[in-house]
Amino acid sequence: MSGLQGKSLLDGPEPTLLPAEPEVIERLEAGDEPVDLAARFPSSSLVWALLANDAYAEGSIIESYAYARVGYHRGLDALRGSGWKGHGPVPFSHEPNRGFLRSLYALGRAAGAINEVEEADRIAKFLNDSDPDAAAELSK
């Protein structure tokens, strides 16, 4: 029992906090285009999320879906590399998590736009399970 003292059996896993990407942020702030950064930093979910958002804004829904899916999978890789076990909080308040959450949101939005209803619902649940406030923040 001593190993359980102070910890509820109902407590879930600790939040997953992805590492910062200072070079990506620096290049974005310097005005580099996401398309150029995707070639230079292909593991960055943030870059793929930005590409997905740009494509969606231009009405290129299929391209947005594809970019978001890459960002989503790159984010899953990063989460696993940070100890994530397939569930648990991924807080929006932690800035480096936002690239993954933005990709997840963009994937759900594009899936809904192409009537991929089951995927859109699954993504909405995943986003809510990651951080219940993320969807509201990302839809602003």
# chains A, B, ... in the order shown; residues from 1 in each chain; ligands from 1

call {"tool": "residues_around", "arguments": {"residues": "A:Leu107", "least_positions_apart": "5", "cutoff": "7 Å", "atoms": "only C-alpha atoms", "output": "ChimeraX atom specification"}}
result
/A:65,68-69

call {"tool": "write_last_selection", "arguments": {"atoms": "C-alpha atoms", "output": "PDB file, in the first residue's frame"}}
result
ATOM      1  CA  TYR A  65      -6.365  17.067 -44.948  1.00  0.00           C
ATOM      2  CA  ALA A  68      -2.887  17.810 -41.224  1.00  0.00           C
ATOM      3  CA  ARG A  69      -2.524  14.032 -41.395  1.00  0.00           C
TER       4      ARG A  69
END

call {"tool": "residues_around", "arguments": {"residues": "A:Asp36", "least_positions_apart": "4", "cutoff": "10 Å", "atoms": "only C-alpha atoms", "output": "VMD selection string"}}
result
chain A and resid 27 32 40 to 42 47

call {"tool": "residues_around", "arguments": {"residues": "stretch 117-124 of chain A", "least_positions_apart": "6", "cutoff": "9 Å", "atoms": "only C-alpha atoms", "output": "NGL selection string"}}
result
:A and (104-105 or 107-111 or 135)

call {"tool": "write_last_selection", "arguments": {"atoms": "N, CA and C atoms", "output": "PDB file, in the first residue's frame"}}
result
ATOM      1  N   LEU A 104      -4.113  18.138 -35.113  1.00  0.00           N
ATOM      2  CA  LEU A 104      -5.265  17.311 -34.767  1.00  0.00           C
ATOM      3  C   LEU A 104      -6.562  18.040 -35.092  1.00  0.00           C
ATOM      4  N   TYR A 105      -6.651  19.300 -34.699  1.00  0.00           N
ATOM      5  CA  TYR A 105      -7.830  20.115 -34.996  1.00  0.00           C
ATOM      6  C   TYR A 105      -8.041  20.254 -36.507  1.00  0.00           C
ATOM      7  N   LEU A 107      -7.001  18.291 -38.860  1.00  0.00           N
ATOM      8  CA  LEU A 107      -7.391  17.008 -39.432  1.00  0.00           C
ATOM      9  C   LEU A 107      -8.880  16.760 -39.223  1.00  0.00           C
ATOM     10  N   GLY A 108      -9.379  17.031 -38.050  1.00  0.00           N
ATOM     11  CA  GLY A 108     -10.803  16.862 -37.793  1.00  0.00           C
ATOM     12  C   GLY A 108     -11.654  17.794 -38.632  1.00  0.00           C
ATOM     13  N   ARG A 109     -11.211  19.029 -38.773  1.00  0.00           N
ATOM     14  CA  ARG A 109     -11.943  20.014 -39.576  1.00  0.00           C
ATOM     15  C   ARG A 109     -12.006  19.577 -41.036  1.00  0.00           C
ATOM     16  N   ALA A 110     -10.872  19.153 -41.585  1.00  0.00           N
ATOM     17  CA  ALA A 110     -10.840  18.715 -42.983  1.00  0.00           C
ATOM     18  C   ALA A 110     -11.623  17.420 -43.167  1.00  0.00           C
ATOM     19  N   ALA A 111     -11.528  16.510 -42.204  1.00  0.00           N
ATOM     20  CA  ALA A 111     -12.292  15.260 -42.292  1.00  0.00           C
ATOM     21  C   ALA A 111     -13.783  15.568 -42.337  1.00  0.00           C
ATOM     22  N   ALA A 135     -10.105  22.760 -28.398  1.00  0.00           N
ATOM     23  CA  ALA A 135     -10.942  23.042 -29.573  1.00  0.00           C
ATOM     24  C   ALA A 135     -11.435  24.485 -29.567  1.00  0.00           C
TER      25      ALA A 135
END

call {"tool": "select_by_dssp", "arguments": {"residues": "chain A", "states": "alpha helix (DSSP H)", "output": "PyMOL selection string"}}
result
chain A and resi 22-29+34-40+45-57+61-81+98-113+117-130+134-138

call {"tool": "atom_distance", "arguments": {"atom1": "atom CA of A:Asn97", "atom2": "atom CA of A:Ala20"}}
result
8.5 Å

call {"tool": "closest_residue", "arguments": {"among": "A:Lys140, A:Gly31, A:Ala106, A:His94", "to": "A:Glu63", "atoms": "only C-alpha atoms"}}
result
A:Ala106

call {"tool": "atom_distance", "arguments": {"atom1": "atom CA of A:Pro22", "atom2": "atom CA of A:Asn128"}}
result
26.9 Å

call {"tool": "residues_around", "arguments": {"residues": "A:Pro96", "least_positions_apart": "5", "cutoff": "8 Å", "atoms": "only C-alpha atoms", "output": "list of chain:residue names"}}
result
A:Leu17, A:Leu18, A:Pro19, A:Ala20, A:Glu21

call {"tool": "write_last_selection", "arguments": {"atoms": "N, CA and C atoms", "output": "mmCIF file, in the first residue's frame"}}
result
data_model
loop_
_atom_site.group_PDB
_atom_site.id
_atom_site.type_symbol
_atom_site.label_atom_id
_atom_site.label_comp_id
_atom_site.auth_asym_id
_atom_site.auth_seq_id
_atom_site.Cartn_x
_atom_site.Cartn_y
_atom_site.Cartn_z
ATOM 1 N N LEU A 17 4.264 16.625 -22.161
ATOM 2 C CA LEU A 17 4.783 17.939 -22.558
ATOM 3 C C LEU A 17 5.856 17.732 -23.610
ATOM 4 N N LEU A 18 5.565 18.144 -24.824
ATOM 5 C CA LEU A 18 6.513 17.991 -25.920
ATOM 6 C C LEU A 18 7.654 18.994 -25.780
ATOM 7 N N PRO A 19 8.813 18.649 -26.327
ATOM 8 C CA PRO A 19 9.942 19.588 -26.263
ATOM 9 C C PRO A 19 9.721 20.781 -27.187
ATOM 10 N N ALA A 20 10.327 21.877 -26.816
ATOM 11 C CA ALA A 20 10.250 23.091 -27.629
ATOM 12 C C ALA A 20 10.984 22.902 -28.952
ATOM 13 N N GLU A 21 10.611 23.699 -29.933
ATOM 14 C CA GLU A 21 11.259 23.712 -31.246
ATOM 15 C C GLU A 21 11.779 25.129 -31.515
#

call {"tool": "closest_residue", "arguments": {"among": "A:Val90, A:Ala134, A:Ala38, A:Leu46", "to": "A:Ile25", "atoms": "only C-alpha atoms"}}
result
A:Leu46

call {"tool": "atom_distance", "arguments": {"atom1": "atom CA of A:Leu51", "atom2": "atom CA of A:Glu23"}}
result
17.5 Å

call {"tool": "closest_residue", "arguments": {"among": "A:Ala66, A:Asn53, A:Val24, A:His87", "to": "A:Ser139", "atoms": "only C-alpha atoms"}}
result
A:Asn53
